[in-house]
>>> print(open('query-v6.pdb').read())   # PDB, C-alpha atoms and all ligand atoms
ATOM      1  CA  MET B   1      -3.510  11.428  13.387
ATOM      2  CA  SER B   2      -6.209  10.400  15.874
ATOM      3  CA  ASP B   3      -5.485   9.953  19.569
ATOM      4  CA  GLN B   4      -6.047   6.240  19.078
ATOM      5  CA  ALA B   5      -3.579   6.129  16.178
ATOM      6  CA  LYS B   6      -1.008   8.206  18.102
ATOM      7  CA  THR B   7      -1.195   5.826  21.051
ATOM      8  CA  ASN B   8      -0.819   2.860  18.726
ATOM      9  CA  THR B   9       2.158   4.413  16.943
ATOM     10  CA  THR B  10       3.951   5.300  20.177
ATOM     11  CA  GLN B  11       3.415   1.801  21.571
ATOM     12  CA  ASN B  12       4.469   0.367  18.234
ATOM     13  CA  ARG B  13       7.842   2.123  18.286
ATOM     14  CA  ARG B  14       8.642   1.281  21.894
ATOM     15  CA  ARG B  15       8.019  -2.443  21.703
ATOM     16  CA  ASP B  16      10.578  -5.176  21.719
ATOM     17  CA  TYR B  17       9.360  -7.374  18.921
ATOM     18  CA  PRO B  18      10.126 -11.032  18.332
ATOM     19  CA  ALA B  19      11.821 -12.098  15.096
ATOM     20  CA  GLY B  20       9.663 -11.335  12.073
ATOM     21  CA  TYR B  21       8.040  -8.260  13.642
ATOM     22  CA  GLY B  22       8.989  -4.603  13.835
ATOM     23  CA  VAL B  23       7.781  -1.223  12.592
ATOM     24  CA  VAL B  24       7.227  -1.297   8.827
ATOM     25  CA  GLU B  25       8.504   1.805   7.050
ATOM     26  CA  PRO B  26       7.762   1.690   3.328
ATOM     27  CA  VAL B  27       9.843   3.922   1.081
ATOM     28  CA  ALA B  28       7.006   5.008  -1.223
ATOM     29  CA  ASN B  29       6.110   8.672  -1.010
ATOM     30  CA  TYR B  30       2.838   9.151  -2.897
ATOM     31  CA  ARG B  31       0.293  10.245  -0.255
ATOM     32  CA  PRO B  32      -3.019  10.860  -2.039
ATOM     33  CA  TRP B  33      -4.947  10.741   1.255
ATOM     34  CA  ASP B  34      -3.346  14.098   2.170
ATOM     35  CA  THR B  35      -4.877  15.930  -0.781
ATOM     36  CA  ASP B  36      -8.221  14.169  -1.308
ATOM     37  CA  ALA B  37     -10.640  16.645   0.278
ATOM     38  CA  ALA B  38     -13.579  14.215   0.398
ATOM     39  CA  PHE B  39     -11.471  11.585   2.139
ATOM     40  CA  SER B  40     -10.008  14.131   4.584
ATOM     41  CA  GLU B  41     -13.530  15.220   5.499
ATOM     42  CA  VAL B  42     -14.630  11.684   6.324
ATOM     43  CA  TYR B  43     -11.344  10.927   8.111
ATOM     44  CA  ASP B  44     -11.885  13.923  10.390
ATOM     45  CA  LEU B  45     -15.361  12.580  11.190
ATOM     46  CA  VAL B  46     -14.306   8.999  11.945
ATOM     47  CA  ARG B  47     -10.784   9.276  13.370
ATOM     48  CA  GLU B  48     -11.904   9.118  17.010
ATOM     49  CA  HIS B  49     -14.261   6.219  16.220
ATOM     50  CA  THR B  50     -11.765   3.818  14.711
ATOM     51  CA  MET B  51      -8.700   1.704  15.428
ATOM     52  CA  VAL B  52      -7.973   1.635  11.711
ATOM     53  CA  ASP B  53      -5.220   4.045  10.662
ATOM     54  CA  VAL B  54      -5.332   6.451   7.751
ATOM     55  CA  TYR B  55      -3.446   4.063   5.419
ATOM     56  CA  ARG B  56      -5.896   1.231   5.883
ATOM     57  CA  LEU B  57      -8.879   3.583   5.705
ATOM     58  CA  TRP B  58      -7.509   4.899   2.423
ATOM     59  CA  THR B  59      -7.361   1.327   1.063
ATOM     60  CA  LEU B  60     -11.027   0.814   1.996
ATOM     61  CA  TRP B  61     -11.992   4.208   0.571
ATOM     62  CA  THR B  62     -10.351   3.520  -2.797
ATOM     63  CA  LEU B  63     -11.658  -0.053  -3.041
ATOM     64  CA  ALA B  64     -15.222   0.959  -2.166
ATOM     65  CA  GLY B  65     -14.999   3.507  -4.956
ATOM     66  CA  GLN B  66     -14.124   0.841  -7.522
ATOM     67  CA  VAL B  67     -15.694  -2.528  -6.707
ATOM     68  CA  PRO B  68     -18.295  -3.932  -9.135
ATOM     69  CA  MET B  69     -22.033  -4.173  -8.457
ATOM     70  CA  GLY B  70     -22.848  -6.144  -5.348
ATOM     71  CA  ASP B  71     -23.549  -5.621  -1.676
ATOM     72  CA  LEU B  72     -20.863  -4.629   0.800
ATOM     73  CA  LEU B  73     -20.204  -6.203   4.181
ATOM     74  CA  GLU B  74     -17.953  -5.241   7.049
ATOM     75  CA  ILE B  75     -17.559  -7.735   9.869
ATOM     76  CA  GLY B  76     -16.105  -6.053  12.934
ATOM     77  CA  SER B  77     -17.356  -2.477  12.900
ATOM     78  CA  TRP B  78     -16.695  -1.586  16.549
ATOM     79  CA  ARG B  79     -17.594   2.147  16.774
ATOM     80  CA  GLY B  80     -18.281   2.463  13.052
ATOM     81  CA  GLY B  81     -15.208   4.347  11.789
ATOM     82  CA  SER B  82     -14.127   2.088   8.945
ATOM     83  CA  GLY B  83     -17.753   1.252   8.067
ATOM     84  CA  THR B  84     -18.644   4.939   7.778
ATOM     85  CA  THR B  85     -15.609   5.478   5.529
ATOM     86  CA  ILE B  86     -16.887   2.742   3.207
ATOM     87  CA  ALA B  87     -20.402   4.215   3.321
ATOM     88  CA  ARG B  88     -19.195   7.677   2.309
ATOM     89  CA  ALA B  89     -17.034   6.222  -0.475
ATOM     90  CA  ILE B  90     -19.934   4.378  -2.094
ATOM     91  CA  GLY B  91     -22.219   7.375  -1.572
ATOM     92  CA  ARG B  92     -20.073   9.589  -3.804
ATOM     93  CA  ARG B  93     -19.575   7.189  -6.703
ATOM     94  CA  ALA B  94     -20.431   8.752 -10.062
ATOM     95  CA  ASP B  95     -22.006   5.443 -11.173
ATOM     96  CA  GLY B  96     -24.149   5.169  -8.027
ATOM     97  CA  ALA B  97     -23.687   2.926  -5.010
ATOM     98  CA  PRO B  98     -22.886  -0.639  -6.113
ATOM     99  CA  GLY B  99     -25.225  -2.106  -3.495
ATOM    100  CA  GLN B 100     -26.404  -2.204   0.091
ATOM    101  CA  LEU B 101     -23.845  -1.819   2.912
ATOM    102  CA  TYR B 102     -24.107  -4.063   5.986
ATOM    103  CA  LEU B 103     -22.071  -3.511   9.163
ATOM    104  CA  ALA B 104     -21.817  -6.538  11.449
ATOM    105  CA  ASP B 105     -20.576  -6.696  15.019
ATOM    106  CA  THR B 106     -21.279  -8.712  18.119
ATOM    107  CA  PHE B 107     -21.366  -5.390  20.023
ATOM    108  CA  ALA B 108     -20.089  -7.574  22.845
ATOM    109  CA  GLY B 109     -16.463  -7.791  21.763
ATOM    110  CA  VAL B 110     -14.172 -10.362  20.198
ATOM    111  CA  VAL B 111     -15.317 -14.003  20.067
ATOM    112  CA  LYS B 112     -13.836 -17.415  19.185
ATOM    113  CA  ALA B 113     -10.309 -16.669  20.437
ATOM    114  CA  GLY B 114      -8.277 -19.862  20.567
ATOM    115  CA  GLU B 115      -4.836 -21.356  20.728
ATOM    116  CA  ARG B 116      -3.620 -19.713  17.497
ATOM    117  CA  ASP B 117      -4.324 -16.272  18.952
ATOM    118  CA  THR B 118      -1.532 -14.850  21.088
ATOM    119  CA  TYR B 119      -3.135 -11.706  22.481
ATOM    120  CA  TYR B 120      -6.928 -11.963  22.321
ATOM    121  CA  THR B 121      -8.818 -14.108  24.795
ATOM    122  CA  GLY B 122     -12.377 -12.909  24.040
ATOM    123  CA  GLY B 123     -14.519  -9.935  25.010
ATOM    124  CA  GLU B 124     -12.080  -7.206  23.898
ATOM    125  CA  HIS B 125     -13.512  -4.103  22.167
ATOM    126  CA  ALA B 126     -16.945  -4.439  23.760
ATOM    127  CA  ASN B 127     -17.020  -0.675  24.393
ATOM    128  CA  THR B 128     -19.460   0.076  21.595
ATOM    129  CA  SER B 129     -23.146  -0.260  20.717
ATOM    130  CA  PRO B 130     -25.423  -0.114  17.678
ATOM    131  CA  GLU B 131     -26.466   3.380  18.777
ATOM    132  CA  ILE B 132     -22.851   4.628  18.722
ATOM    133  CA  VAL B 133     -22.495   3.377  15.141
ATOM    134  CA  ARG B 134     -25.870   4.807  14.085
ATOM    135  CA  GLU B 135     -24.961   8.184  15.553
ATOM    136  CA  LEU B 136     -21.681   8.300  13.630
ATOM    137  CA  LEU B 137     -23.490   7.375  10.409
ATOM    138  CA  ARG B 138     -26.055  10.126  11.090
ATOM    139  CA  ASN B 139     -23.310  12.680  11.765
ATOM    140  CA  ALA B 140     -21.695  11.685   8.490
ATOM    141  CA  GLY B 141     -25.005  12.200   6.670
ATOM    142  CA  VAL B 142     -25.185   8.551   5.661
ATOM    143  CA  GLU B 143     -28.538   6.786   5.317
ATOM    144  CA  GLY B 144     -29.609   3.246   4.533
ATOM    145  CA  VAL B 145     -26.782   1.272   6.168
ATOM    146  CA  GLU B 146     -28.036  -1.888   7.906
ATOM    147  CA  LEU B 147     -26.496  -3.164  11.133
ATOM    148  CA  LEU B 148     -26.236  -6.894  11.799
ATOM    149  CA  VAL B 149     -26.044  -7.527  15.525
ATOM    150  CA  GLY B 150     -24.501 -10.731  16.891
ATOM    151  CA  ILE B 151     -21.741 -13.169  15.996
ATOM    152  CA  PHE B 152     -21.243 -13.323  12.247
ATOM    153  CA  PRO B 153     -22.060 -15.574  10.454
ATOM    154  CA  ASP B 154     -23.524 -17.769  13.237
ATOM    155  CA  ASP B 155     -26.187 -15.341  14.498
ATOM    156  CA  SER B 156     -26.694 -12.891  11.653
ATOM    157  CA  GLY B 157     -25.450 -14.470   8.411
ATOM    158  CA  HIS B 158     -28.945 -15.785   7.670
ATOM    159  CA  ALA B 159     -30.210 -12.205   7.254
ATOM    160  CA  ILE B 160     -28.095 -11.737   4.122
ATOM    161  CA  ASP B 161     -27.754 -15.350   3.049
ATOM    162  CA  GLN B 162     -28.857 -14.717  -0.541
ATOM    163  CA  LYS B 163     -26.769 -11.587  -1.122
ATOM    164  CA  ARG B 164     -23.869 -11.306  -3.549
ATOM    165  CA  LEU B 165     -20.951  -9.289  -2.217
ATOM    166  CA  SER B 166     -18.567  -6.922  -3.981
ATOM    167  CA  LEU B 167     -16.563  -5.936  -0.883
ATOM    168  CA  CYS B 168     -16.078  -7.785   2.382
ATOM    169  CA  HIS B 169     -13.976  -6.175   5.103
ATOM    170  CA  ILE B 170     -13.060  -8.726   7.770
ATOM    171  CA  ASP B 171     -11.769  -7.027  10.946
ATOM    172  CA  VAL B 172     -12.391  -9.598  13.656
ATOM    173  CA  ASP B 173      -8.909 -10.008  15.237
ATOM    174  CA  VAL B 174      -8.746 -13.805  15.667
ATOM    175  CA  TYR B 175      -8.229 -16.974  13.617
ATOM    176  CA  GLN B 176     -11.565 -18.769  13.937
ATOM    177  CA  SER B 177     -13.771 -15.726  13.358
ATOM    178  CA  ALA B 178     -11.676 -14.681  10.362
ATOM    179  CA  ARG B 179     -11.970 -18.204   8.977
ATOM    180  CA  ASP B 180     -15.715 -18.521   9.523
ATOM    181  CA  CYS B 181     -16.310 -15.093   7.977
ATOM    182  CA  PHE B 182     -14.133 -15.757   4.923
ATOM    183  CA  GLU B 183     -15.602 -19.236   4.320
ATOM    184  CA  TRP B 184     -19.075 -17.708   4.450
ATOM    185  CA  ALA B 185     -18.227 -14.716   2.247
ATOM    186  CA  TRP B 186     -15.991 -16.203  -0.485
ATOM    187  CA  PRO B 187     -18.701 -18.219  -2.299
ATOM    188  CA  ARG B 188     -20.915 -15.109  -2.180
ATOM    189  CA  MET B 189     -18.326 -12.757  -3.716
ATOM    190  CA  VAL B 190     -19.042 -11.545  -7.240
ATOM    191  CA  SER B 191     -16.318 -11.741  -9.895
ATOM    192  CA  GLY B 192     -13.984  -8.832  -9.223
ATOM    193  CA  GLY B 193     -15.264  -8.557  -5.640
ATOM    194  CA  VAL B 194     -12.616  -7.930  -2.996
ATOM    195  CA  VAL B 195     -12.049  -9.346   0.486
ATOM    196  CA  VAL B 196      -9.863  -7.279   2.836
ATOM    197  CA  PHE B 197      -8.449  -8.822   6.002
ATOM    198  CA  ASP B 198      -7.615  -5.961   8.347
ATOM    199  CA  ASP B 199      -5.497  -7.788  10.894
ATOM    200  CA  TYR B 200      -3.022  -9.666   8.704
ATOM    201  CA  GLY B 201       0.099  -7.622   9.434
ATOM    202  CA  PHE B 202      -0.202  -6.923  13.142
ATOM    203  CA  TYR B 203       1.619  -8.244  16.162
ATOM    204  CA  GLY B 204      -1.067  -9.651  18.446
ATOM    205  CA  CYS B 205      -3.233 -10.794  15.528
ATOM    206  CA  GLU B 206      -1.098 -13.797  14.579
ATOM    207  CA  GLY B 207      -4.203 -15.977  14.327
ATOM    208  CA  VAL B 208      -5.389 -13.959  11.338
ATOM    209  CA  THR B 209      -1.898 -13.961   9.798
ATOM    210  CA  THR B 210      -1.847 -17.760  10.164
ATOM    211  CA  TYR B 211      -5.260 -18.125   8.526
ATOM    212  CA  VAL B 212      -4.445 -15.857   5.582
ATOM    213  CA  GLU B 213      -1.175 -17.723   4.988
ATOM    214  CA  GLU B 214      -3.069 -21.050   5.126
ATOM    215  CA  ILE B 215      -5.481 -20.035   2.365
ATOM    216  CA  ALA B 216      -2.984 -18.157   0.160
ATOM    217  CA  GLY B 217      -2.434 -20.055  -3.077
ATOM    218  CA  THR B 218      -5.286 -22.520  -2.482
ATOM    219  CA  ILE B 219      -8.546 -22.899  -4.402
ATOM    220  CA  ALA B 220     -12.013 -22.428  -2.921
ATOM    221  CA  ASP B 221     -15.389 -22.300  -4.655
ATOM    222  CA  GLY B 222     -13.493 -23.096  -7.858
ATOM    223  CA  ALA B 223     -11.517 -19.868  -7.575
ATOM    224  CA  PRO B 224      -7.823 -19.398  -6.774
ATOM    225  CA  ILE B 225      -7.156 -17.396  -3.629
ATOM    226  CA  VAL B 226      -4.360 -15.015  -4.531
ATOM    227  CA  VAL B 227      -3.423 -12.919  -1.525
ATOM    228  CA  VAL B 228      -1.856  -9.481  -1.926
ATOM    229  CA  PRO B 229      -0.101  -8.632   1.353
ATOM    230  CA  SER B 230      -0.214  -4.860   1.756
ATOM    231  CA  LEU B 231       2.408  -2.953   3.736
ATOM    232  CA  SER B 232      -0.539  -1.234   5.434
ATOM    233  CA  GLY B 233      -1.004  -4.520   7.298
ATOM    234  CA  GLN B 234      -4.077  -5.552   5.312
ATOM    235  CA  ALA B 235      -4.280  -8.669   3.147
ATOM    236  CA  ILE B 236      -6.324  -8.270  -0.023
ATOM    237  CA  VAL B 237      -7.940 -11.028  -2.079
ATOM    238  CA  THR B 238      -9.851 -10.401  -5.309
ATOM    239  CA  LYS B 239     -12.313 -12.993  -6.598
ATOM    240  CA  PRO B 240     -11.318 -13.757 -10.172
ATOM    241  CA  SER B 241     -13.715 -13.602 -13.088
ATOM    242  CA  LEU B 242     -15.588 -16.741 -14.113
ATOM    243  CA  ASP B 243     -13.325 -17.150 -17.138
ATOM    244  CA  SER B 244     -10.245 -17.628 -14.987
ATOM    245  CA  ARG B 245     -11.822 -20.128 -12.585
ATOM    246  CA  ILE B 246     -10.379 -23.597 -12.420
TER
HETATM  247  C1  LIG W   1     -10.709  -4.271  16.003
HETATM  248  S1  LIG W   1     -12.407  -4.136  16.193
HETATM  249  C2  LIG W   1     -12.960  -3.456  14.664
HETATM  250  C3  LIG W   1     -12.445  -2.080  14.402
HETATM  251  C4  LIG W   1     -13.253  -1.265  13.414
HETATM  252  N1  LIG W   1     -13.273  -1.839  12.091
HETATM  253  C5  LIG W   1     -12.807   0.160  13.404
HETATM  254  O1  LIG W   1     -13.100   0.882  12.442
HETATM  255  O2  LIG W   1     -12.179   0.594  14.369
HETATM  256  C6  LIG W   1     -12.961  -5.798  16.052
HETATM  257  C7  LIG W   1     -14.449  -5.938  16.207
HETATM  258  O3  LIG W   1     -14.827  -7.210  15.701
HETATM  259  C8  LIG W   1     -15.953  -7.639  16.408
HETATM  260  N2  LIG W   1     -16.067  -9.093  16.131
HETATM  261  C9  LIG W   1     -15.112 -10.025  16.331
HETATM  262  N3  LIG W   1     -15.541 -11.221  15.885
HETATM  263  C10 LIG W   1     -16.782 -11.041  15.387
HETATM  264  C11 LIG W   1     -17.733 -11.910  14.765
HETATM  265  N4  LIG W   1     -17.492 -13.208  14.525
HETATM  266  N5  LIG W   1     -18.933 -11.392  14.402
HETATM  267  C12 LIG W   1     -19.192 -10.077  14.596
HETATM  268  N6  LIG W   1     -18.318  -9.205  15.155
HETATM  269  C13 LIG W   1     -17.121  -9.680  15.545
HETATM  270  C14 LIG W   1     -15.669  -7.224  17.824
HETATM  271  O4  LIG W   1     -16.840  -7.118  18.595
HETATM  272  C15 LIG W   1     -14.963  -5.878  17.623
HETATM  273  O5  LIG W   1     -15.861  -4.800  17.766
END
>>> encode(input="query-v6.pdb", output="C-alpha cells", more="lines below")
Ligand SMILES: C[S@@+](CC[C@H](N)C(=O)[O-])C[C@H]1O[C@@H](n2cnc3c(N)ncnc32)[C@H](O)[C@@H]1O
Amino acid sequence: MSDQAKTNTTQNRRRDYPAGYGVVEPVANYRPWDTDAAFSEVYDLVREHTMVDVYRLWTLWTLAGQVPMGDLLEIGSWRGGSGTTIARAIGRRADGAPGQLYLADTFAGVVKAGERDTYYTGGEHANTSPEIVRELLRNAGVEGVELLVGIFPDDSGHAIDQKRLSLCHIDVDVYQSARDCFEWAWPRMVSGGVVVFDDYGFYGCEGVTTYVEEIAGTIADGAPIVVVPSLSGQAIVTKPSLDSRI
C-alpha cells in the first residue's frame, strides 16, 4: 500500500461519518491484483504518484485490457499514476493498443467547485505538472501518450473533438466538471466503450455522487445510461451497442 493510500485508509477509519457513509468492507475474497505480475510491476511504479488505490487501479487495468477499438481519455491525471496504469495495460494487449491515450489535467488543480460540492472549493491538487507526468511515463517505458493541458473540455476538448473513445476515466472531484466531461464524452463513446467515474463513492465528493445518480437510468445520445456502482467507489457506465439504442 502506498504512503498516500495508507494515510487515506487511516483517516478513513478514524472519521465520524454522517448517515449513508462509512468504511465499505466487501466480503469477496478473490484478489487477482496480488498475483498478476505485470500489474504489480506497474503498481510499484505508480503507487507514490496516485491517489487512486489498488482496487480502483485494478478496475482501470482490466478495463483498458478489454475495451474495443477507440481512443482512451483520462480527465484528471494529477501526477500520472492512474494514466500510466492505463497506458501499460493497453501496451501489453495481445491484439495491440485499441487507440491513442490522452491524459488531461488543468495542472492547476480542481475547477468548477460549486454548491453541490461539500469539500472542494477549487485549486486542490495543483501540486503537479506536465513534466512530472511525462517523467513517470518515461520511467514506465511508455511512449506516445499525449497530454492535454487546461480545463477539459473548455480549453482542450477541441484538440480531440473528432475522436471516438473506448475508455473515458473521469477523475475530477466535483459536480460541474464531472458533468461537463461526461456530456462531452458520452456522444463520442464507441459501442461497448466504458466511462468510469472515479469519485462516485467517496465522502467529500458528493457532487460527483449527485451527478452520477442524476444520470443513472436516463437516456442520452439515444443510449440508456446504466450505471454499475462498484464497491471500489467507482461508477461504471458502458455505452450499449447500436442495436440496443432507443
Ligand atoms: C484527484 S486528482 C486525480 C488523481 C489521479 N487520477 C491519480 O492517479 O492520482 C483530480 C485532478 O483533476 C484535475 N481536474 C479537475 N477538473 C478538471 C477539468 N475540468 N479539466 C482538467 N483537469 C481537471 C485536477 O487538476 C486534479 O489534478
>>> closest_residue(input="query-v6.pdb", among="B:Ala113, B:Ile90, B:Ile160, B:Ala19", to="Gly144 (chain B)", atoms="only C-alpha atoms")
B:Ile90
>>> residues_near_ligand(input="query-v6.pdb", ligand="ligand LIG 1 (chain W)", cutoff="7 Å", atoms="all atoms listed in the file", output="NGL selection string")
:B and (49-52 or 75-83 or 104-111 or 125-126 or 150-153 or 171-173 or 177 or 181)
>>> atom_distance(input="query-v6.pdb", atom1="CA of Leu167 (chain B)", atom2="CA of Ala235 (chain B)")
13.2 Å
>>> resolve_selection(input="query-v6.pdb", expression="the PyMOL selection byres (((chain B and resi 220) around 10) and not hetatm)", output="number ranges by chain")
B: 183, 186-187, 215, 217-219, 221-225, 245-246
>>> atom_distance(input="query-v6.pdb", atom1="CA of Gly99 (chain B)", atom2="CA of Val149 (chain B)")
19.8 Å
>>> closest_residue(input="query-v6.pdb", among="B:Val174, B:Ala159, B:Val24, B:Ala89", to="Gly207 (chain B)", atoms="only C-alpha atoms")
B:Val174
>>> resolve_selection(input="query-v6.pdb", expression="the PyMOL selection byres (((chain B and resi 30-37) around 10) and not hetatm)", output="number ranges by chain")
B: 27-29, 38-43, 54-55, 57-59, 61-62
>>> closest_residue(input="query-v6.pdb", among="B:Val227, B:Ser191, B:Gln176, B:Tyr203", to="Ser241 (chain B)", atoms="all atoms listed in the file")
B:Ser191
>>> closest_residue(input="query-v6.pdb", among="B:Ala64, B:Asp53, B:Phe202, B:His158", to="Gly22 (chain B)", atoms="all atoms listed in the file")
B:Phe202
>>> atom_distance(input="query-v6.pdb", atom1="CA of Gln234 (chain B)", atom2="CA of Glu131 (chain B)")
27.6 Å
>>> closest_residue(input="query-v6.pdb", among="B:Pro26, B:Gly114, B:Gly96, B:Gly233", to="Tyr175 (chain B)", atoms="all atoms listed in the file")
B:Gly114
>>> closest_residue(input="query-v6.pdb", among="B:Arg56, B:Arg88, B:Arg116, B:Arg15", to="Asp198 (chain B)", atoms="all atoms listed in the file")
B:Arg56
>>> residues_near_point(input="query-v6.pdb", point="(-26.4, 3.1, 6.8)", cutoff="8 Å", atoms="all atoms listed in the file", output="ChimeraX atom specification")
/B:87,101-102,134,137,142-147
>>> write_last_selection(input="query-v6.pdb", atoms="C-alpha atoms", output="JSON list (two decimals), in the coordinates of the input")
[["chain", "number", "residue", "atom", "x", "y", "z"],
["B", 87, "ALA", "CA", -20.40, 4.22, 3.32],
["B", 101, "LEU", "CA", -23.84, -1.82, 2.91],
["B", 102, "TYR", "CA", -24.11, -4.06, 5.99],
["B", 134, "ARG", "CA", -25.87, 4.81, 14.08],
["B", 137, "LEU", "CA", -23.49, 7.38, 10.41],
["B", 142, "VAL", "CA", -25.18, 8.55, 5.66],
["B", 143, "GLU", "CA", -28.54, 6.79, 5.32],
["B", 144, "GLY", "CA", -29.61, 3.25, 4.53],
["B", 145, "VAL", "CA", -26.78, 1.27, 6.17],
["B", 146, "GLU", "CA", -28.04, -1.89, 7.91],
["B", 147, "LEU", "CA", -26.50, -3.16, 11.13]]
>>> axis_aligned_box(input="query-v6.pdb", around="region 192-208 of chain B", padding_each_side="8 Å", output="JSON")
{"center_x": -6.8, "center_y": -11.0, "center_z": 4.6, "size_x": 32.9, "size_y": 26.0, "size_z": 43.7}
>>> resolve_selection(input="query-v6.pdb", expression="the PyMOL selection byres (((chain B and resi 188) around 8) and not hetatm)", output="MDAnalysis selection string")
chainID B and resid 163:165 184:187 189:190
>>> decode(input="query-v6.pdb", residues="region 73-80 of chain B", atoms="all heavy atoms", output="short mmCIF file (atom, residue, chain, number, x, y, z; two decimals), in the first residue's frame")
data_model
loop_
_atom_site.label_atom_id
_atom_site.label_comp_id
_atom_site.auth_asym_id
_atom_site.auth_seq_id
_atom_site.Cartn_x
_atom_site.Cartn_y
_atom_site.Cartn_z
N LEU B 73 -9.25 8.27 -22.93
CA LEU B 73 -9.09 9.60 -22.35
C LEU B 73 -9.22 9.51 -20.84
O LEU B 73 -10.18 8.92 -20.33
CB LEU B 73 -10.19 10.52 -22.91
CG LEU B 73 -10.34 11.91 -22.27
CD1 LEU B 73 -9.08 12.76 -22.49
CD2 LEU B 73 -11.57 12.63 -22.85
N GLU B 74 -8.26 10.11 -20.15
CA GLU B 74 -8.41 10.30 -18.71
C GLU B 74 -8.47 11.79 -18.44
O GLU B 74 -7.59 12.54 -18.89
CB GLU B 74 -7.23 9.70 -17.94
CG GLU B 74 -7.33 10.02 -16.44
CD GLU B 74 -6.20 9.41 -15.62
OE1 GLU B 74 -5.06 9.94 -15.69
OE2 GLU B 74 -6.46 8.42 -14.94
N ILE B 75 -9.48 12.21 -17.69
CA ILE B 75 -9.57 13.62 -17.32
C ILE B 75 -9.36 13.69 -15.81
O ILE B 75 -10.17 13.17 -15.04
CB ILE B 75 -10.93 14.22 -17.71
CG1 ILE B 75 -11.26 13.89 -19.16
CG2 ILE B 75 -10.90 15.74 -17.49
CD1 ILE B 75 -12.73 13.87 -19.47
N GLY B 76 -8.26 14.32 -15.42
CA GLY B 76 -7.85 14.35 -14.03
C GLY B 76 -6.72 13.37 -13.80
O GLY B 76 -6.89 12.31 -13.19
N SER B 77 -5.55 13.72 -14.30
CA SER B 77 -4.41 12.78 -14.23
C SER B 77 -3.50 13.08 -13.04
O SER B 77 -2.68 12.23 -12.68
CB SER B 77 -3.60 12.84 -15.52
OG SER B 77 -4.38 12.34 -16.58
N TRP B 78 -3.58 14.27 -12.51
CA TRP B 78 -2.72 14.70 -11.39
C TRP B 78 -1.26 14.33 -11.69
O TRP B 78 -0.69 14.85 -12.62
CB TRP B 78 -3.25 14.13 -10.07
CG TRP B 78 -2.58 14.69 -8.85
CD1 TRP B 78 -2.41 16.01 -8.55
CD2 TRP B 78 -1.99 13.94 -7.78
NE1 TRP B 78 -1.75 16.12 -7.34
CE2 TRP B 78 -1.48 14.88 -6.85
CE3 TRP B 78 -1.86 12.58 -7.51
CZ2 TRP B 78 -0.83 14.48 -5.67
CZ3 TRP B 78 -1.23 12.19 -6.34
CH2 TRP B 78 -0.72 13.15 -5.43
N ARG B 79 -0.65 13.42 -10.91
CA ARG B 79 0.76 13.09 -11.13
C ARG B 79 0.96 11.89 -12.05
O ARG B 79 2.08 11.36 -12.15
CB ARG B 79 1.46 12.87 -9.80
CG ARG B 79 1.55 14.18 -9.02
CD ARG B 79 2.15 14.00 -7.66
NE ARG B 79 2.64 15.29 -7.20
CZ ARG B 79 3.91 15.56 -6.93
NH1 ARG B 79 4.84 14.65 -7.02
NH2 ARG B 79 4.26 16.77 -6.55
N GLY B 80 -0.12 11.44 -12.68
CA GLY B 80 0.02 10.46 -13.76
C GLY B 80 -0.12 9.00 -13.37
O GLY B 80 0.01 8.12 -14.23
#
